[in-house]
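Asks: Before I ask anything, let me first share the structure, which is written out below as structure tokens.
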Amino acid sequence: MEKGNGARTMHKILIVEDEPDIAELIAFNLDRAGYTTVIAHDGISGLDTALVEEQDLILLDLMLPGKDGFSVFKDLRRDSRTSRTPVIMLDRPCSDRGPYPGP
């Protein structure tokens, strides 16, 4: 995004994904596109990171260790620091872990 003075603003994206290969692939592509990325590998650290560091977007896996994506999302919406941060939820419908049981 361009500011009035011509300086480019780097958008910061938090990737909350427990599969390291998937998280790194997403981060690699976003970094190449000019975004700043931060990776958290479980729901608890993802929520903590989101609450401590301001993010422009959160990519949130649904099936996470520690705290599932739906619970993280609910907590993000309840907190004034993250209640308006856009969130894109990630899922693998054909996962070897089976179907997600839901909230």
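Each chain of the structure tokens is named A, B, ... in the order shown, its residues numbered from 1; ligands are numbered from 1 in display order.
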Got a sec to tell me which of chain A DSSP assigns to strand (DSSP E or B), as an NGL selection string?
Replies: :A and (2 or 8 or 12-16 or 36-40 or 57-61 or 87-90)
Asks: Please produce a file of the residues just selected, as a compact mmCIF listing (two decimals), in the first residue's frame, where the atoms kept are C-alpha atoms.
Replies:
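Now in out-v7.txt:
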```txt
# COMPACT_ATOMS: atom_id res chain seq x y z
CA GLU A 2 1.37 3.41 -0.94
CA ARG A 8 5.81 1.68 0.88
CA LYS A 12 2.44 -8.01 8.32
CA ILE A 13 0.76 -11.41 8.06
CA LEU A 14 0.60 -13.95 10.87
CA ILE A 15 0.53 -17.55 9.68
CA VAL A 16 -0.85 -19.96 12.30
CA THR A 36 6.33 -9.47 6.21
CA THR A 37 5.39 -12.82 7.76
CA VAL A 38 5.42 -14.32 11.23
CA ILE A 39 4.78 -18.03 11.84
CA ALA A 40 3.20 -19.68 14.88
CA LEU A 57 -3.96 -10.26 8.37
CA ILE A 58 -4.06 -13.64 10.10
CA LEU A 59 -4.03 -16.94 8.19
CA LEU A 60 -5.43 -19.45 10.67
CA ASP A 61 -5.46 -23.23 10.33
CA VAL A 87 -8.73 -13.61 9.40
CA ILE A 88 -8.63 -16.21 6.64
CA MET A 89 -9.22 -19.74 7.89
CA LEU A 90 -7.27 -22.56 6.32
```
Asks: So that I can check the surroundings of A:Asp79, please list as an NGL selection string every protein, DNA and RNA residue that reaches within 12 Å of it, counting only C-alpha atoms and ignoring chain neighbours fewer than 3 positions away.
Replies: :A and (47-48 or 50-52 or 72-76 or 82-85)
Asks: From the options A:Leu25, A:Ala33, A:Asp91, A:Met10, which residue's atoms come nearest to A:Phe70, counting only C-alpha atoms?
Replies: A:Asp91
Asks: Between atom CA of A:Pro65 and atom CA of A:Pro86, what is the spacing in Å?
Replies: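 Atom-to-atom, atom CA of A:Pro86 and atom CA of A:Pro65 are spaced 22.0 Å apart.
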Asks: Which value, in Å to one decimal, gives the distance between atom CA of A:Gly46 and atom CA of A:Leu62?
Replies: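 If I compute the distance from atom CA of A:Gly46 to atom CA of A:Leu62, I get 11.9 Å.
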Asks: Provide the atom CA of A:Asp31 to atom CA of A:Lys67 distance in Å, to one decimal place.
Replies: 26.5 Å
Asks: Would you mind writing down, as a VMD selection string, each residue of stretch 39-84 of chain A that DSSP on the backbone assigns to alpha helix (DSSP H)?
Replies: chain A and resid 43 to 52 69 to 78
Asks: Could you check which of A:Pro20, A:Asp56, A:Asp68, A:Arg77 is closest to A:Tyr35, using only C-alpha atoms?
Replies: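 Closest candidate: A:Asp56.
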Asks: Kindly indicate which residue among A:Ala23, A:Ser80, A:Arg92, A:Gly69 lies nearest to A:His41, using only C-alpha atoms for the distances.
Replies: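 Among the listed residues, the smallest separation from A:His41 belongs to A:Ala23.
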Asks: For each of A:Ser71, A:Arg81, A:Asp21, A:Leu64, take the minimum atom-to-atom distance to A:Thr49, counting only C-alpha atoms, then give the residue where this is smallest.
Replies: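 Distance minimum relative to A:Thr49 lands on A:Arg81.
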